[in-house]
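Student: You'll find coords-v5.cif just under this line, and it carries mmCIF, N, CA and C atoms.
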data_coords
loop_
_atom_site.group_PDB
_atom_site.id
_atom_site.type_symbol
_atom_site.label_atom_id
_atom_site.label_comp_id
_atom_site.auth_asym_id
_atom_site.auth_seq_id
_atom_site.Cartn_x
_atom_site.Cartn_y
_atom_site.Cartn_z
ATOM 1 N N MET A 1 -17.125 -9.249 -23.206
ATOM 2 C CA MET A 1 -16.536 -9.478 -21.905
ATOM 3 C C MET A 1 -15.796 -8.217 -21.474
ATOM 4 N N ALA A 2 -15.981 -7.809 -20.232
ATOM 5 C CA ALA A 2 -15.359 -6.586 -19.710
ATOM 6 C C ALA A 2 -13.864 -6.774 -19.510
ATOM 7 N N ASN A 3 -13.141 -5.731 -19.759
ATOM 8 C CA ASN A 3 -11.693 -5.723 -19.524
ATOM 9 C C ASN A 3 -11.447 -5.738 -18.017
ATOM 10 N N ILE A 4 -10.553 -6.580 -17.557
ATOM 11 C CA ILE A 4 -10.269 -6.690 -16.122
ATOM 12 C C ILE A 4 -9.838 -5.350 -15.550
ATOM 13 N N ASN A 5 -9.007 -4.611 -16.264
ATOM 14 C CA ASN A 5 -8.536 -3.315 -15.776
ATOM 15 C C ASN A 5 -9.686 -2.339 -15.591
ATOM 16 N N GLN A 6 -10.686 -2.411 -16.434
ATOM 17 C CA GLN A 6 -11.823 -1.508 -16.315
ATOM 18 C C GLN A 6 -12.721 -1.879 -15.152
ATOM 19 N N SER A 7 -12.752 -3.152 -14.790
ATOM 20 C CA SER A 7 -13.639 -3.588 -13.722
ATOM 21 C C SER A 7 -13.020 -3.408 -12.332
ATOM 22 N N THR A 8 -11.724 -3.104 -12.264
ATOM 23 C CA THR A 8 -11.062 -2.896 -10.987
ATOM 24 C C THR A 8 -11.131 -1.423 -10.629
ATOM 25 N N SER A 9 -11.890 -1.110 -9.615
ATOM 26 C CA SER A 9 -12.056 0.274 -9.202
ATOM 27 C C SER A 9 -11.087 0.596 -8.063
ATOM 28 N N ARG A 10 -10.242 1.577 -8.289
ATOM 29 C CA ARG A 10 -9.284 1.983 -7.266
ATOM 30 C C ARG A 10 -9.853 3.122 -6.436
ATOM 31 N N ARG A 11 -9.639 3.042 -5.152
ATOM 32 C CA ARG A 11 -10.036 4.114 -4.242
ATOM 33 C C ARG A 11 -8.910 5.121 -4.072
ATOM 34 N N HIS A 12 -7.679 4.633 -4.212
ATOM 35 C CA HIS A 12 -6.495 5.482 -4.066
ATOM 36 C C HIS A 12 -5.367 4.871 -4.874
ATOM 37 N N GLN A 13 -4.273 5.600 -5.009
ATOM 38 C CA GLN A 13 -3.113 5.091 -5.732
ATOM 39 C C GLN A 13 -2.536 3.890 -4.987
ATOM 40 N N PRO A 14 -2.066 2.907 -5.711
ATOM 41 C CA PRO A 14 -1.430 1.750 -5.050
ATOM 42 C C PRO A 14 -0.183 2.186 -4.276
ATOM 43 N N TYR A 15 0.126 1.462 -3.240
ATOM 44 C CA TYR A 15 1.329 1.714 -2.441
ATOM 45 C C TYR A 15 2.496 0.969 -3.078
ATOM 46 N N ARG A 16 2.988 1.463 -4.196
ATOM 47 C CA ARG A 16 4.036 0.770 -4.951
ATOM 48 C C ARG A 16 5.344 0.642 -4.172
ATOM 49 N N LYS A 17 5.738 1.697 -3.461
ATOM 50 C CA LYS A 17 6.997 1.640 -2.719
ATOM 51 C C LYS A 17 6.909 0.639 -1.562
ATOM 52 N N ILE A 18 5.766 0.578 -0.934
ATOM 53 C CA ILE A 18 5.596 -0.376 0.166
ATOM 54 C C ILE A 18 5.604 -1.796 -0.389
ATOM 55 N N LYS A 19 4.931 -2.012 -1.501
ATOM 56 C CA LYS A 19 4.935 -3.339 -2.128
ATOM 57 C C LYS A 19 6.356 -3.748 -2.491
ATOM 58 N N ALA A 20 7.121 -2.830 -3.054
ATOM 59 C CA ALA A 20 8.513 -3.130 -3.424
ATOM 60 C C ALA A 20 9.340 -3.426 -2.182
ATOM 61 N N TYR A 21 9.129 -2.663 -1.118
ATOM 62 C CA TYR A 21 9.857 -2.876 0.138
ATOM 63 C C TYR A 21 9.580 -4.271 0.680
ATOM 64 N N LEU A 22 8.321 -4.676 0.646
ATOM 65 C CA LEU A 22 7.957 -6.005 1.138
ATOM 66 C C LEU A 22 8.661 -7.092 0.341
ATOM 67 N N VAL A 23 8.673 -6.953 -0.980
ATOM 68 C CA VAL A 23 9.332 -7.948 -1.841
ATOM 69 C C VAL A 23 10.832 -7.976 -1.564
ATOM 70 N N GLU A 24 11.454 -6.804 -1.511
ATOM 71 C CA GLU A 24 12.898 -6.717 -1.291
ATOM 72 C C GLU A 24 13.323 -7.301 0.052
ATOM 73 N N ASN A 25 12.426 -7.248 1.029
ATOM 74 C CA ASN A 25 12.746 -7.717 2.369
ATOM 75 C C ASN A 25 12.089 -9.054 2.702
ATOM 76 N N ASP A 26 11.593 -9.735 1.664
ATOM 77 C CA ASP A 26 11.009 -11.062 1.802
ATOM 78 C C ASP A 26 9.914 -11.112 2.874
ATOM 79 N N ILE A 27 9.032 -10.116 2.837
ATOM 80 C CA ILE A 27 7.902 -10.051 3.768
ATOM 81 C C ILE A 27 6.644 -10.304 2.940
ATOM 82 N N SER A 28 5.918 -11.345 3.273
ATOM 83 C CA SER A 28 4.713 -11.668 2.511
ATOM 84 C C SER A 28 3.528 -10.824 2.979
ATOM 85 N N GLN A 29 2.532 -10.738 2.117
ATOM 86 C CA GLN A 29 1.313 -10.035 2.504
ATOM 87 C C GLN A 29 0.618 -10.769 3.649
ATOM 88 N N LYS A 30 0.773 -12.078 3.688
ATOM 89 C CA LYS A 30 0.208 -12.858 4.788
ATOM 90 C C LYS A 30 0.887 -12.476 6.102
ATOM 91 N N ASP A 31 2.237 -12.365 6.076
ATOM 92 C CA ASP A 31 2.979 -11.954 7.277
ATOM 93 C C ASP A 31 2.550 -10.559 7.735
ATOM 94 N N LEU A 32 2.371 -9.662 6.765
ATOM 95 C CA LEU A 32 1.943 -8.307 7.093
ATOM 96 C C LEU A 32 0.549 -8.336 7.705
ATOM 97 N N GLY A 33 -0.313 -9.174 7.165
ATOM 98 C CA GLY A 33 -1.651 -9.307 7.718
ATOM 99 C C GLY A 33 -1.637 -9.781 9.162
ATOM 100 N N VAL A 34 -0.776 -10.736 9.459
ATOM 101 C CA VAL A 34 -0.653 -11.231 10.837
ATOM 102 C C VAL A 34 -0.204 -10.092 11.756
ATOM 103 N N LEU A 35 0.782 -9.322 11.306
ATOM 104 C CA LEU A 35 1.291 -8.201 12.103
ATOM 105 C C LEU A 35 0.202 -7.161 12.370
ATOM 106 N N LEU A 36 -0.597 -6.883 11.349
ATOM 107 C CA LEU A 36 -1.639 -5.847 11.472
ATOM 108 C C LEU A 36 -2.980 -6.392 11.953
ATOM 109 N N GLU A 37 -3.038 -7.726 12.151
ATOM 110 C CA GLU A 37 -4.289 -8.391 12.543
ATOM 111 C C GLU A 37 -5.380 -8.158 11.500
ATOM 112 N N LYS A 38 -4.986 -8.303 10.218
ATOM 113 C CA LYS A 38 -5.882 -8.170 9.074
ATOM 114 C C LYS A 38 -5.724 -9.411 8.205
ATOM 115 N N SER A 39 -6.707 -9.683 7.386
ATOM 116 C CA SER A 39 -6.587 -10.814 6.463
ATOM 117 C C SER A 39 -5.615 -10.455 5.340
ATOM 118 N N GLN A 40 -5.080 -11.481 4.713
ATOM 119 C CA GLN A 40 -4.188 -11.261 3.568
ATOM 120 C C GLN A 40 -4.945 -10.508 2.471
ATOM 121 N N SER A 41 -6.206 -10.823 2.291
ATOM 122 C CA SER A 41 -7.026 -10.156 1.283
ATOM 123 C C SER A 41 -7.168 -8.665 1.575
ATOM 124 N N ALA A 42 -7.398 -8.311 2.833
ATOM 125 C CA ALA A 42 -7.534 -6.898 3.206
ATOM 126 C C ALA A 42 -6.233 -6.150 2.968
ATOM 127 N N VAL A 43 -5.109 -6.779 3.299
ATOM 128 C CA VAL A 43 -3.799 -6.164 3.078
ATOM 129 C C VAL A 43 -3.573 -5.964 1.579
ATOM 130 N N ASN A 44 -3.886 -6.974 0.787
ATOM 131 C CA ASN A 44 -3.727 -6.890 -0.662
ATOM 132 C C ASN A 44 -4.550 -5.745 -1.245
ATOM 133 N N GLN A 45 -5.779 -5.615 -0.800
ATOM 134 C CA GLN A 45 -6.647 -4.546 -1.296
ATOM 135 C C GLN A 45 -6.090 -3.174 -0.935
ATOM 136 N N LYS A 46 -5.590 -3.023 0.280
ATOM 137 C CA LYS A 46 -5.003 -1.738 0.672
ATOM 138 C C LYS A 46 -3.772 -1.425 -0.173
ATOM 139 N N LEU A 47 -2.895 -2.413 -0.344
ATOM 140 C CA LEU A 47 -1.673 -2.206 -1.119
ATOM 141 C C LEU A 47 -1.963 -1.851 -2.577
ATOM 142 N N ASN A 48 -3.010 -2.437 -3.142
ATOM 143 C CA ASN A 48 -3.313 -2.229 -4.552
ATOM 144 C C ASN A 48 -4.289 -1.096 -4.835
ATOM 145 N N GLY A 49 -4.749 -0.426 -3.783
ATOM 146 C CA GLY A 49 -5.609 0.739 -3.969
ATOM 147 C C GLY A 49 -7.070 0.426 -4.150
ATOM 148 N N THR A 50 -7.461 -0.833 -4.008
ATOM 149 C CA THR A 50 -8.866 -1.194 -4.177
ATOM 150 C C THR A 50 -9.620 -1.254 -2.857
ATOM 151 N N GLY A 51 -8.892 -1.168 -1.758
ATOM 152 C CA GLY A 51 -9.500 -1.112 -0.433
ATOM 153 C C GLY A 51 -9.224 0.249 0.172
ATOM 154 N N GLY A 52 -9.401 0.361 1.453
ATOM 155 C CA GLY A 52 -9.127 1.620 2.126
ATOM 156 C C GLY A 52 -7.635 1.880 2.264
ATOM 157 N N ASP A 53 -7.309 3.067 2.718
ATOM 158 C CA ASP A 53 -5.922 3.411 3.017
ATOM 159 C C ASP A 53 -5.501 2.743 4.321
ATOM 160 N N PHE A 54 -4.199 2.650 4.528
ATOM 161 C CA PHE A 54 -3.700 2.189 5.821
ATOM 162 C C PHE A 54 -4.007 3.270 6.851
ATOM 163 N N SER A 55 -4.366 2.850 8.044
ATOM 164 C CA SER A 55 -4.615 3.806 9.120
ATOM 165 C C SER A 55 -3.280 4.314 9.644
ATOM 166 N N LEU A 56 -3.312 5.395 10.397
ATOM 167 C CA LEU A 56 -2.083 5.903 11.006
ATOM 168 C C LEU A 56 -1.481 4.872 11.952
ATOM 169 N N GLN A 57 -2.327 4.158 12.663
ATOM 170 C CA GLN A 57 -1.857 3.109 13.570
ATOM 171 C C GLN A 57 -1.147 2.001 12.793
ATOM 172 N N GLU A 58 -1.722 1.588 11.668
ATOM 173 C CA GLU A 58 -1.094 0.557 10.841
ATOM 174 C C GLU A 58 0.228 1.047 10.266
ATOM 175 N N ALA A 59 0.259 2.299 9.820
ATOM 176 C CA ALA A 59 1.501 2.872 9.280
ATOM 177 C C ALA A 59 2.582 2.916 10.363
ATOM 178 N N ARG A 60 2.197 3.273 11.575
ATOM 179 C CA ARG A 60 3.158 3.321 12.683
ATOM 180 C C ARG A 60 3.719 1.934 12.970
ATOM 181 N N ILE A 61 2.854 0.937 13.017
ATOM 182 C CA ILE A 61 3.297 -0.440 13.281
ATOM 183 C C ILE A 61 4.256 -0.902 12.185
ATOM 184 N N MET A 62 3.896 -0.665 10.932
ATOM 185 C CA MET A 62 4.736 -1.093 9.813
ATOM 186 C C MET A 62 6.080 -0.376 9.817
ATOM 187 N N SER A 63 6.071 0.877 10.203
ATOM 188 C CA SER A 63 7.308 1.647 10.261
ATOM 189 C C SER A 63 8.200 1.157 11.401
ATOM 190 N N GLU A 64 7.603 0.965 12.571
ATOM 191 C CA GLU A 64 8.376 0.544 13.747
ATOM 192 C C GLU A 64 8.841 -0.909 13.662
ATOM 193 N N LYS A 65 7.961 -1.810 13.246
ATOM 194 C CA LYS A 65 8.276 -3.243 13.270
ATOM 195 C C LYS A 65 9.016 -3.728 12.029
ATOM 196 N N LEU A 66 8.749 -3.090 10.873
ATOM 197 C CA LEU A 66 9.340 -3.563 9.623
ATOM 198 C C LEU A 66 10.357 -2.602 9.021
ATOM 199 N N GLY A 67 10.444 -1.390 9.589
ATOM 200 C CA GLY A 67 11.402 -0.412 9.084
ATOM 201 C C GLY A 67 10.964 0.297 7.816
ATOM 202 N N ILE A 68 9.677 0.221 7.479
ATOM 203 C CA ILE A 68 9.190 0.898 6.283
ATOM 204 C C ILE A 68 9.189 2.406 6.556
ATOM 205 N N PRO A 69 9.854 3.192 5.705
ATOM 206 C CA PRO A 69 9.889 4.643 5.913
ATOM 207 C C PRO A 69 8.482 5.239 5.941
ATOM 208 N N SER A 70 8.224 6.078 6.918
ATOM 209 C CA SER A 70 6.888 6.667 7.052
ATOM 210 C C SER A 70 6.519 7.512 5.839
ATOM 211 N N ALA A 71 7.494 8.045 5.121
ATOM 212 C CA ALA A 71 7.210 8.843 3.926
ATOM 213 C C ALA A 71 6.501 8.017 2.854
ATOM 214 N N PHE A 72 6.689 6.708 2.851
ATOM 215 C CA PHE A 72 6.042 5.841 1.860
ATOM 216 C C PHE A 72 4.519 5.893 1.977
ATOM 217 N N PHE A 73 4.003 6.256 3.138
ATOM 218 C CA PHE A 73 2.561 6.289 3.351
ATOM 219 C C PHE A 73 1.943 7.607 2.926
ATOM 220 N N PHE A 74 2.760 8.646 2.812
ATOM 221 C CA PHE A 74 2.233 9.985 2.576
ATOM 222 C C PHE A 74 2.697 10.596 1.265
ATOM 223 N N GLU A 75 3.246 9.784 0.386
ATOM 224 C CA GLU A 75 3.734 10.271 -0.898
ATOM 225 C C GLU A 75 2.565 10.743 -1.753
ATOM 226 N N VAL A 76 2.693 11.952 -2.252
ATOM 227 C CA VAL A 76 1.658 12.512 -3.103
ATOM 228 C C VAL A 76 2.119 12.400 -4.549
ATOM 229 N N ILE A 77 1.281 11.819 -5.379
ATOM 230 C CA ILE A 77 1.599 11.671 -6.792
ATOM 231 C C ILE A 77 0.834 12.748 -7.557
ATOM 232 N N VAL A 78 1.582 13.664 -8.147
ATOM 233 C CA VAL A 78 0.986 14.772 -8.885
ATOM 234 C C VAL A 78 1.161 14.490 -10.390
ATOM 235 N N PRO A 79 0.046 14.514 -11.129
ATOM 236 C CA PRO A 79 0.164 14.288 -12.572
ATOM 237 C C PRO A 79 1.113 15.294 -13.223
ATOM 238 N N ILE A 80 1.834 14.869 -14.248
ATOM 239 C CA ILE A 80 2.807 15.726 -14.928
ATOM 240 C C ILE A 80 2.176 17.039 -15.374
ATOM 241 N N LYS A 81 0.980 16.993 -15.926
ATOM 242 C CA LYS A 81 0.346 18.208 -16.437
ATOM 243 C C LYS A 81 0.016 19.209 -15.334
ATOM 244 N N GLU A 82 -0.004 18.766 -14.080
ATOM 245 C CA GLU A 82 -0.338 19.664 -12.967
ATOM 246 C C GLU A 82 0.891 20.125 -12.186
ATOM 247 N N ARG A 83 2.069 19.660 -12.575
ATOM 248 C CA ARG A 83 3.289 20.051 -11.874
ATOM 249 C C ARG A 83 3.688 21.457 -12.266
ATOM 250 N N ALA A 84 4.213 22.193 -11.288
ATOM 251 C CA ALA A 84 4.694 23.559 -11.542
ATOM 252 C C ALA A 84 5.952 23.508 -12.398
ATOM 253 N N GLY A 85 6.135 24.500 -13.191
ATOM 254 C CA GLY A 85 7.386 24.583 -13.929
ATOM 255 C C GLY A 85 7.218 24.423 -15.319
#
Now, as a test, write the supplied structure out as structure tokens.
Tutor:
Amino acid sequence: MANINQSTSRRHQPYRKIKAYLVENDISQKDLGVLLEKSQSAVNQKLNGTGGDFSLQEARIMSEKLGIPSAFFFEVIVPIKERAG
């Protein structure tokens, strides 16, 4: 039987800060889907990195309507071995 982690293919890094923000502010993925006019499943896939990235329009809506810092959408994660210094 295949390991679940191996069968989940990520397209991009998960939006961990956005997920944490939603939890801290009691905003469900369903509520976010309604705001973005997307299904809860589509929102979940984007948040977890298995779907596409959020569009600039979606990021703007989330920033303006929910107060999510725009930097959360553009955070670059650099592996330790590739960091300068």
Student: In Å to one decimal, how far is atom CA of Tyr15 of chain A from atom C of Asn48 of chain A?
Tutor: 6.7 Å
Student: Could you check how far atom CA of Glu37 of chain A sits from atom CA of Ser9 of chain A, in Å to one decimal?
Tutor: 24.7 Å
Student: Select, from A:Tyr21, A:Leu36, A:Phe72, A:Val43, the residue with the minimum atom-to-atom distance to Gln57 of chain A, counting all atoms listed in the file.
Tutor: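 Using all atoms listed in the file, Gln57 of chain A sits closest to A:Leu36.
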Student: Atom CA of Lys30 of chain A and atom CA of Ala59 of chain A are how many Å apart?
Tutor: 16.4 Å
Student: Near Arg10 of chain A, within 9 Å and counting only C-alpha atoms, which residues show up once chain neighbours fewer than 4 positions away are dropped, as a PyMOL selection string?
Tutor: chain A and resi 14+48-51
